[in-house]
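Student: File follows, target20.pdb with PDB, C-alpha atoms and all ligand atoms:
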```
ATOM      1  CA  MET M 212      93.748 108.995  77.612
ATOM      2  CA  ILE M 213      94.433 109.888  81.248
ATOM      3  CA  LYS M 214      97.900 110.450  82.638
ATOM      4  CA  ILE M 215      98.441 110.202  86.389
ATOM      5  CA  LYS M 216     101.736 110.967  88.108
ATOM      6  CA  VAL M 217     102.129 110.027  91.778
ATOM      7  CA  PRO M 218     105.080 110.784  94.076
ATOM      8  CA  ALA M 219     106.901 108.377  96.350
ATOM      9  CA  THR M 220     106.366 108.996 100.044
ATOM     10  CA  SER M 221     108.532 108.632 103.077
ATOM     11  CA  ALA M 222     106.298 107.653 105.997
ATOM     12  CA  ASN M 223     107.170 107.282 109.699
ATOM     13  CA  VAL M 224     109.301 110.413 109.744
ATOM     14  CA  SER M 225     111.257 109.351 112.839
ATOM     15  CA  VAL M 226     109.128 110.007 115.951
ATOM     16  CA  GLY M 227     106.097 110.409 113.653
ATOM     17  CA  PHE M 228     105.464 106.659 113.439
ATOM     18  CA  ASP M 229     102.280 105.828 111.486
ATOM     19  CA  THR M 230     101.322 109.518 111.331
ATOM     20  CA  LEU M 231     103.911 111.721 109.622
ATOM     21  CA  GLY M 232     104.663 111.295 105.913
ATOM     22  CA  LEU M 233     106.578 113.294 103.319
ATOM     23  CA  ALA M 234     106.054 113.333  99.534
ATOM     24  CA  VAL M 235     109.332 113.246  97.595
ATOM     25  CA  ALA M 236     110.118 113.937  93.949
ATOM     26  CA  ILE M 237     110.503 110.344  92.793
ATOM     27  CA  TYR M 238     107.556 109.520  90.558
ATOM     28  CA  SER M 239     105.616 106.786  88.875
ATOM     29  CA  THR M 240     103.502 107.624  85.862
ATOM     30  CA  PHE M 241     100.425 105.735  84.689
ATOM     31  CA  ILE M 242      98.575 106.131  81.409
ATOM     32  CA  PHE M 243      94.996 104.864  81.356
ATOM     33  CA  SER M 244      93.191 104.465  78.020
ATOM     34  CA  GLU M 245      90.294 102.579  76.501
ATOM     35  CA  SER M 246      91.034  99.020  75.475
ATOM     36  CA  SER M 247      89.352  96.422  73.290
ATOM     37  CA  SER M 248      89.972  93.788  75.982
ATOM     38  CA  LYS M 249      88.838  93.912  79.609
ATOM     39  CA  LEU M 250      92.312  94.683  80.949
ATOM     40  CA  GLU M 251      95.786  95.252  79.495
ATOM     41  CA  ILE M 252      98.730  96.201  81.690
ATOM     42  CA  THR M 253     102.216  97.037  80.432
ATOM     43  CA  GLY M 254     105.448  98.222  82.034
ATOM     44  CA  THR M 255     105.475  95.774  84.920
ATOM     45  CA  ASP M 256     106.435  92.175  85.576
ATOM     46  CA  SER M 257     104.098  89.699  83.821
ATOM     47  CA  LYS M 258     102.976  88.352  87.207
ATOM     48  CA  PHE M 259     101.389  91.752  87.923
ATOM     49  CA  GLN M 260      99.607  92.003  84.582
ATOM     50  CA  ASN M 261      96.233  90.763  85.804
ATOM     51  CA  ALA M 262      93.163  91.824  87.770
ATOM     52  CA  ASN M 263      95.058  91.459  91.067
ATOM     53  CA  ASN M 264      97.264  94.392  90.124
ATOM     54  CA  LEU M 265      96.867  96.973  92.889
ATOM     55  CA  VAL M 266      96.530  99.870  90.428
ATOM     56  CA  TYR M 267      93.648  98.089  88.705
ATOM     57  CA  LYS M 268      92.043  97.086  92.021
ATOM     58  CA  ALA M 269      92.067 100.727  93.098
ATOM     59  CA  PHE M 270      90.679 101.774  89.699
ATOM     60  CA  VAL M 271      87.825  99.268  90.160
ATOM     61  CA  ARG M 272      87.249 100.505  93.726
ATOM     62  CA  GLY M 273      87.040 104.082  92.448
ATOM     63  CA  CYS M 274      84.514 103.092  89.743
ATOM     64  CA  GLU M 275      82.401 101.195  92.273
ATOM     65  CA  TYR M 276      82.425 104.133  94.683
ATOM     66  CA  LEU M 277      81.288 106.400  91.857
ATOM     67  CA  GLU M 278      78.637 103.819  90.964
ATOM     68  CA  GLN M 279      79.950 103.566  87.419
ATOM     69  CA  PRO M 280      80.575 100.446  85.302
ATOM     70  CA  VAL M 281      84.232  99.401  85.206
ATOM     71  CA  PRO M 282      85.426 100.192  81.668
ATOM     72  CA  ASN M 283      87.779  98.067  79.581
ATOM     73  CA  VAL M 284      91.118  99.673  80.271
ATOM     74  CA  LYS M 285      94.766  99.655  79.253
ATOM     75  CA  ILE M 286      97.203 100.738  81.977
ATOM     76  CA  GLU M 287     100.754 101.667  80.950
ATOM     77  CA  ILE M 288     103.048 101.863  83.956
ATOM     78  CA  ASP M 289     106.330 103.739  84.059
ATOM     79  CA  SER M 290     107.556 103.399  87.634
ATOM     80  CA  ASP M 291     110.575 104.957  89.249
ATOM     81  CA  VAL M 292     109.431 104.197  92.808
ATOM     82  CA  PRO M 293     111.238 101.101  94.096
ATOM     83  CA  VAL M 294     109.153  98.285  95.582
ATOM     84  CA  SER M 295     109.367  97.226  99.263
ATOM     85  CA  ARG M 296     111.932  99.876 100.091
ATOM     86  CA  GLY M 297     109.851 102.081 102.408
ATOM     87  CA  LEU M 298     108.959 104.651  99.759
ATOM     88  CA  GLY M 299     105.245 104.013  99.530
ATOM     89  CA  SER M 300     105.099 101.974  96.314
ATOM     90  CA  SER M 301     101.729 100.444  97.239
ATOM     91  CA  ALA M 302     100.308 103.879  98.093
ATOM     92  CA  VAL M 303     101.454 105.045  94.643
ATOM     93  CA  CYS M 304      99.442 102.240  93.009
ATOM     94  CA  ILE M 305      96.334 102.872  95.111
ATOM     95  CA  VAL M 306      96.358 106.628  94.567
ATOM     96  CA  ALA M 307      96.981 106.199  90.824
ATOM     97  CA  GLY M 308      94.043 103.809  90.374
ATOM     98  CA  LEU M 309      91.624 105.938  92.390
ATOM     99  CA  LYS M 310      92.661 109.190  90.688
ATOM    100  CA  ALA M 311      92.309 107.554  87.285
ATOM    101  CA  ALA M 312      88.772 106.379  88.082
ATOM    102  CA  SER M 313      87.955 109.881  89.238
ATOM    103  CA  GLU M 314      89.338 111.470  86.041
ATOM    104  CA  TRP M 315      87.686 108.846  83.857
ATOM    105  CA  PHE M 316      84.289 109.957  85.142
ATOM    106  CA  GLY M 317      84.904 113.707  85.074
ATOM    107  CA  GLY M 318      87.006 114.311  88.204
ATOM    108  CA  LYS M 319      84.225 113.472  90.637
ATOM    109  CA  LEU M 320      86.311 112.423  93.653
ATOM    110  CA  SER M 321      87.342 115.209  96.047
ATOM    111  CA  ASP M 322      90.705 115.043  97.837
ATOM    112  CA  ASP M 323      88.827 114.083 101.026
ATOM    113  CA  GLU M 324      87.130 111.180  99.291
ATOM    114  CA  LEU M 325      90.441 110.087  97.763
ATOM    115  CA  VAL M 326      92.059 110.179 101.207
ATOM    116  CA  VAL M 327      89.287 108.097 102.818
ATOM    117  CA  LEU M 328      89.189 105.505 100.017
ATOM    118  CA  ALA M 329      92.963 105.246  99.756
ATOM    119  CA  THR M 330      93.454 104.992 103.520
ATOM    120  CA  LYS M 331      90.900 102.170 103.704
ATOM    121  CA  MET M 332      92.717 100.277 100.963
ATOM    122  CA  GLU M 333      96.209 100.849 102.415
ATOM    123  CA  GLY M 334      95.302 100.366 106.099
ATOM    124  CA  HIS M 335      97.296 103.391 107.298
ATOM    125  CA  PRO M 336      97.214 107.010 106.094
ATOM    126  CA  ASP M 337     100.839 108.152 106.327
ATOM    127  CA  ASN M 338     101.795 107.194 102.752
ATOM    128  CA  VAL M 339      98.566 107.805 100.840
ATOM    129  CA  VAL M 340      97.906 111.260 102.307
ATOM    130  CA  PRO M 341     101.189 112.877 101.186
ATOM    131  CA  ALA M 342     100.918 110.948  97.886
ATOM    132  CA  ILE M 343      97.579 112.715  97.284
ATOM    133  CA  LEU M 344      98.312 116.147  98.746
ATOM    134  CA  GLY M 345     102.106 116.487  98.534
ATOM    135  CA  GLY M 346     104.369 117.984 101.186
ATOM    136  CA  LEU M 347     104.686 116.942 104.816
ATOM    137  CA  GLN M 348     101.409 115.647 106.227
ATOM    138  CA  LEU M 349     100.346 114.540 109.674
ATOM    139  CA  SER M 350      97.405 112.164 109.408
ATOM    140  CA  PHE M 351      95.533 109.803 111.672
ATOM    141  CA  LEU M 352      92.162 108.086 111.820
ATOM    142  CA  ASP M 353      89.741 109.607 114.331
ATOM    143  CA  ASP M 354      87.296 107.619 116.493
ATOM    144  CA  ASN M 355      84.886 107.418 113.569
ATOM    145  CA  ASN M 356      87.656 106.061 111.338
ATOM    146  CA  HIS M 357      87.876 109.294 109.346
ATOM    147  CA  PRO M 358      91.348 110.551 108.416
ATOM    148  CA  GLN M 359      92.301 113.849 110.080
ATOM    149  CA  LEU M 360      95.062 115.884 108.447
ATOM    150  CA  VAL M 361      97.524 118.648 109.299
ATOM    151  CA  SER M 362     100.075 120.031 106.769
ATOM    152  CA  TYR M 363     103.481 121.338 107.780
ATOM    153  CA  GLN M 364     105.982 123.435 105.860
ATOM    154  CA  VAL M 365     109.409 121.995 105.143
ATOM    155  CA  SER M 366     112.127 124.619 105.288
ATOM    156  CA  ASP M 367     114.043 125.200 102.035
ATOM    157  CA  ASN M 368     117.241 125.161 104.113
ATOM    158  CA  LEU M 369     117.060 121.411 104.550
ATOM    159  CA  ASN M 370     118.576 118.938 102.076
ATOM    160  CA  PHE M 371     117.207 115.404 101.867
ATOM    161  CA  VAL M 372     119.218 112.405 100.665
ATOM    162  CA  THR M 373     117.640 108.994 100.054
ATOM    163  CA  LEU M 374     119.822 105.955 100.645
ATOM    164  CA  ILE M 375     117.980 103.071  98.972
ATOM    165  CA  PRO M 376     119.613  99.681  99.620
ATOM    166  CA  ASP M 377     119.704  96.920  97.042
ATOM    167  CA  TYR M 378     117.591  94.746  99.344
ATOM    168  CA  GLN M 379     113.969  94.850 100.472
ATOM    169  CA  VAL M 380     112.304  94.841 103.892
ATOM    170  CA  SER M 381     108.765  93.477 104.076
ATOM    171  CA  THR M 382     106.297  95.799 105.803
ATOM    172  CA  ASP M 383     104.607  92.797 107.440
ATOM    173  CA  GLU M 384     107.896  91.623 108.922
ATOM    174  CA  ALA M 385     108.674  95.190 110.028
ATOM    175  CA  ARG M 386     105.310  95.442 111.808
ATOM    176  CA  GLU M 387     105.842  92.088 113.493
ATOM    177  CA  ALA M 388     109.153  93.371 114.853
ATOM    178  CA  LEU M 389     107.363  96.011 116.941
ATOM    179  CA  PRO M 390     106.535  95.622 120.634
ATOM    180  CA  THR M 391     102.871  95.739 121.627
ATOM    181  CA  SER M 392     103.146  98.529 124.204
ATOM    182  CA  LEU M 393     105.173 101.622 125.067
ATOM    183  CA  SER M 394     106.112 102.778 128.554
ATOM    184  CA  TYR M 395     104.890 106.085 129.977
ATOM    185  CA  GLN M 396     108.471 107.342 129.946
ATOM    186  CA  ASP M 397     108.917 106.503 126.267
ATOM    187  CA  THR M 398     105.563 108.072 125.431
ATOM    188  CA  VAL M 399     106.678 111.353 127.029
ATOM    189  CA  HIS M 400     109.917 111.042 125.068
ATOM    190  CA  GLN M 401     108.001 110.626 121.784
ATOM    191  CA  VAL M 402     105.640 113.554 122.402
ATOM    192  CA  SER M 403     108.420 115.966 123.349
ATOM    193  CA  HIS M 404     110.662 114.903 120.478
ATOM    194  CA  PHE M 405     107.814 115.102 117.975
ATOM    195  CA  GLY M 406     107.303 118.768 118.849
ATOM    196  CA  MET M 407     110.990 119.480 118.467
ATOM    197  CA  LEU M 408     111.187 117.590 115.173
ATOM    198  CA  ILE M 409     108.335 119.582 113.642
ATOM    199  CA  HIS M 410     109.805 122.873 114.836
ATOM    200  CA  GLY M 411     113.163 121.894 113.352
ATOM    201  CA  ILE M 412     111.646 120.899 110.004
ATOM    202  CA  GLU M 413     109.591 124.080 109.691
ATOM    203  CA  ASN M 414     112.471 126.343 110.682
ATOM    204  CA  GLY M 415     115.309 124.469 109.003
ATOM    205  CA  ASN M 416     117.044 123.988 112.348
ATOM    206  CA  LEU M 417     119.210 120.902 111.970
ATOM    207  CA  ASN M 418     120.204 120.818 115.657
ATOM    208  CA  GLU M 419     116.553 120.454 116.598
ATOM    209  CA  LEU M 420     116.076 117.893 113.880
ATOM    210  CA  ARG M 421     119.004 115.814 115.041
ATOM    211  CA  MET M 422     117.707 115.925 118.596
ATOM    212  CA  GLY M 423     114.075 115.375 117.603
ATOM    213  CA  MET M 424     114.903 112.377 115.415
ATOM    214  CA  ASP M 425     115.407 110.007 118.319
ATOM    215  CA  ASP M 426     112.645 107.489 117.923
ATOM    216  CA  ARG M 427     111.754 104.863 120.526
ATOM    217  CA  MET M 428     108.650 103.377 118.889
ATOM    218  CA  HIS M 429     109.920 101.610 115.796
ATOM    219  CA  GLU M 430     113.486 102.398 114.754
ATOM    220  CA  PRO M 431     115.240 100.467 117.562
ATOM    221  CA  TYR M 432     113.317  97.336 116.491
ATOM    222  CA  ARG M 433     113.372  97.856 112.752
ATOM    223  CA  ALA M 434     117.009  98.891 112.486
ATOM    224  CA  LYS M 435     117.855  95.216 113.041
ATOM    225  CA  LEU M 436     116.131  94.379 109.758
ATOM    226  CA  ILE M 437     118.505  96.695 107.859
ATOM    227  CA  PRO M 438     121.979  95.140 108.099
ATOM    228  CA  ASP M 439     123.752  98.384 107.104
ATOM    229  CA  TYR M 440     121.781 100.732 109.356
ATOM    230  CA  SER M 441     124.583 101.474 111.831
ATOM    231  CA  THR M 442     127.137 101.994 109.050
ATOM    232  CA  VAL M 443     124.812 104.506 107.409
ATOM    233  CA  GLN M 444     124.159 106.171 110.774
ATOM    234  CA  GLU M 445     127.923 106.702 111.246
ATOM    235  CA  LEU M 446     128.338 108.041 107.687
ATOM    236  CA  VAL M 447     125.522 110.554 108.143
ATOM    237  CA  LYS M 448     126.930 111.635 111.517
ATOM    238  CA  ASN M 449     130.228 112.494 109.764
ATOM    239  CA  PHE M 450     128.359 115.156 107.795
ATOM    240  CA  ASN M 451     126.337 116.413 110.795
ATOM    241  CA  GLY M 452     123.140 115.032 109.324
ATOM    242  CA  ALA M 453     120.006 113.593 110.898
ATOM    243  CA  LEU M 454     118.726 110.160 109.851
ATOM    244  CA  TYR M 455     115.499 108.190 109.941
ATOM    245  CA  ILE M 456     114.224 104.930 108.476
ATOM    246  CA  SER M 457     111.817 105.724 105.655
ATOM    247  CA  GLY M 458     108.522 103.860 106.079
ATOM    248  CA  SER M 459     109.318 100.352 107.204
ATOM    249  CA  GLY M 460     112.686 100.416 105.412
ATOM    250  CA  SER M 461     114.974  99.498 103.825
ATOM    251  CA  THR M 462     115.455 103.092 102.605
ATOM    252  CA  MET M 463     117.063 105.493 105.031
ATOM    253  CA  MET M 464     116.552 109.242 104.707
ATOM    254  CA  ALA M 465     119.299 111.662 105.688
ATOM    255  CA  VAL M 466     118.635 115.345 106.290
ATOM    256  CA  LEU M 467     121.505 117.809 106.003
ATOM    257  CA  SER M 468     121.847 121.552 106.198
ATOM    258  CA  ASN M 469     123.603 122.286 102.905
ATOM    259  CA  SER M 470     124.216 120.851  99.444
ATOM    260  CA  GLU M 471     127.974 120.510 100.025
ATOM    261  CA  ASP M 472     127.415 118.113 102.938
ATOM    262  CA  SER M 473     124.757 116.299 100.887
ATOM    263  CA  ASN M 474     127.116 115.843  97.950
ATOM    264  CA  GLN M 475     129.890 114.585 100.195
ATOM    265  CA  LEU M 476     127.533 112.135 101.895
ATOM    266  CA  ILE M 477     126.290 110.923  98.497
ATOM    267  CA  GLY M 478     129.878 110.381  97.309
ATOM    268  CA  ALA M 479     130.888 108.523 100.482
ATOM    269  CA  ALA M 480     127.731 106.353 100.485
ATOM    270  CA  LYS M 481     128.145 105.463  96.805
ATOM    271  CA  ARG M 482     131.722 104.379  97.413
ATOM    272  CA  LYS M 483     130.629 102.248 100.361
ATOM    273  CA  PHE M 484     127.499 100.840  98.693
ATOM    274  CA  PRO M 485     128.059 100.893  94.921
ATOM    275  CA  ASN M 486     124.837  98.965  94.199
ATOM    276  CA  TRP M 487     122.565 101.287  96.161
ATOM    277  CA  ARG M 488     120.557 104.160  94.781
ATOM    278  CA  VAL M 489     121.782 107.197  96.678
ATOM    279  CA  GLU M 490     120.566 110.620  95.603
ATOM    280  CA  SER M 491     119.539 114.046  96.643
ATOM    281  CA  VAL M 492     115.762 114.336  96.593
ATOM    282  CA  MET M 493     113.432 117.335  96.501
ATOM    283  CA  ILE M 494     110.143 117.535  98.368
ATOM    284  CA  ASP M 495     107.048 117.159  96.175
ATOM    285  CA  ASN M 496     104.588 119.857  97.183
ATOM    286  CA  ALA M 497     101.786 119.031  94.777
ATOM    287  CA  GLY M 498     100.969 115.339  95.251
TER     288      GLY M 498
HETATM  289  N1  LIG E 501     103.496 103.459 108.910
HETATM  290  C1  LIG E 501     103.663 102.286 108.099
HETATM  291  C2  LIG E 501     104.441 101.234 108.876
HETATM  292  C3  LIG E 501     104.400 102.664 106.856
HETATM  293  O1  LIG E 501     105.450 101.563 109.447
HETATM  294  O2  LIG E 501     104.078 100.080 108.899
HETATM  295  C4  LIG E 501     104.694 101.486 105.979
HETATM  296  O3  LIG E 501     105.229 101.990 104.762
END
```
Could you render the structure as structure tokens?
Tutor:
Amino acid sequence: MIKIKVPATSANVSVGFDTLGLAVAIYSTFIFSESSSKLEITGTDSKFQNANNLVYKAFVRGCEYLEQPVPNVKIEIDSDVPVSRGLGSSAVCIVAGLKAASEWFGGKLSDDELVVLATKMEGHPDNVVPAILGGLQLSFLDDNNHPQLVSYQVSDNLNFVTLIPDYQVSTDEAREALPTSLSYQDTVHQVSHFGMLIHGIENGNLNELRMGMDDRMHEPYRAKLIPDYSTVQELVKNFNGALYISGSGSTMMAVLSNSEDSNQLIGAAKRKFPNWRVESVMIDNAG
């Protein structure tokens, strides 16, 4: 029996579109064991209990890469990561399946191999990389299509609050909402603000974070897909927080400088949006 636990991830950390992702302590757990039938899946909707299940597809991919026969397997899923909310639920499935294949055959896949395989399956690295390694990770594909990674520290002085709406945003729709080019002026804006954002995150400087989190690549276009974005923006401003859209939404991530402000924001957001999942969230540093 193999147990795999994978964290949710918050990609597109503001001006870090498609490159900067953060692992957070919301987890899905998967138990893989031998089965008498080819495939059994429990703990998910019946429409996902078949060979098209992404966890199983990744497990098969891992076996193929290791040049091993795909065993008969039972996969028990216990997921706390919400689907289509910008918290990396598909990355969770991919990483779980690949890690399970690795463990099944004696832990043969290195982190680098996991990153390459998972990035190829997902199409972008900014969810799978923090899901594998934990923490705050910058990742991109180089000219040879190999993922390149840089880890950053997240200051303990920062408090993160996830605001998860009771509605989904499709990643495909969110990608279609983006323009096809960026002006020189906006590119300079992104580069300068990225530097400030990273400095603010590493040093726990909320002023820098608030200033750095001023994205011009995706948030102005994707905010329109989240009907409550401006209401949330105002709420977070009341507690001096910084805000970004997690992944392609609908989740929004607030960053505050102390737990009192976080608790007050959580209370106010819960009153405003009683059906949302609003909670303080720790950073996962282990993957
Ligand atoms: N960087 C990806 C995107 C994340 O914005 O499309 C999707 O979760």
Student: Determine the axis-aligned bounding box of all atoms of segment 255-268 of chain M present in the file, pad each side by 4 Å, and express its centre and edge lengths in Å to one decimal place as JSON.
Tutor:
```
{"center_x": 99.2, "center_y": 94.1, "center_z": 88.4, "size_x": 22.4, "size_y": 19.5, "size_z": 17.1}
```
Student: Rank nothing, just name the residue among M:Asp397, M:Glu490, M:Glu324, M:Asp495 nearest to Ala219 of chain M, using only C-alpha atoms.
Tutor: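 Closest candidate: M:Asp495.
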Student: Using the chain letters and numbers from the file, which residues does the PyMOL selection byres (((not hetatm)) within 10 of (chain E and resi 501)) grab, as an MDAnalysis selection string?
Tutor: chainID M and resid 220:224 227:232 295:302 333:339 381:387 389 429:430 433 456:460
Student: Give me the result of the PyMOL selection byres (((chain M and resi 362) around 7) and not hetatm) on this file, residue by residue, as a PyMOL selection string.
Tutor: chain M and resi 347-349+360-361+363-364
Student: Keeping only C-alpha atoms, write the selected residues to a file as a PDB file, in the frame of the given file.
Tutor:
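Wrote it out as again-v6.pdb, contents follow:
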```
ATOM      1  CA  LEU M 347     104.686 116.942 104.816  1.00  0.00           C
ATOM      2  CA  GLN M 348     101.409 115.647 106.227  1.00  0.00           C
ATOM      3  CA  LEU M 349     100.346 114.540 109.674  1.00  0.00           C
ATOM      4  CA  LEU M 360      95.062 115.884 108.447  1.00  0.00           C
ATOM      5  CA  VAL M 361      97.524 118.648 109.299  1.00  0.00           C
ATOM      6  CA  TYR M 363     103.481 121.338 107.780  1.00  0.00           C
ATOM      7  CA  GLN M 364     105.982 123.435 105.860  1.00  0.00           C
TER       8      GLN M 364
END
```
Student: What separation in Å, quoted to one decimal, exists between atom CA of Val443 of chain M and atom CA of Ala342 of chain M?
Tutor: 26.5 Å
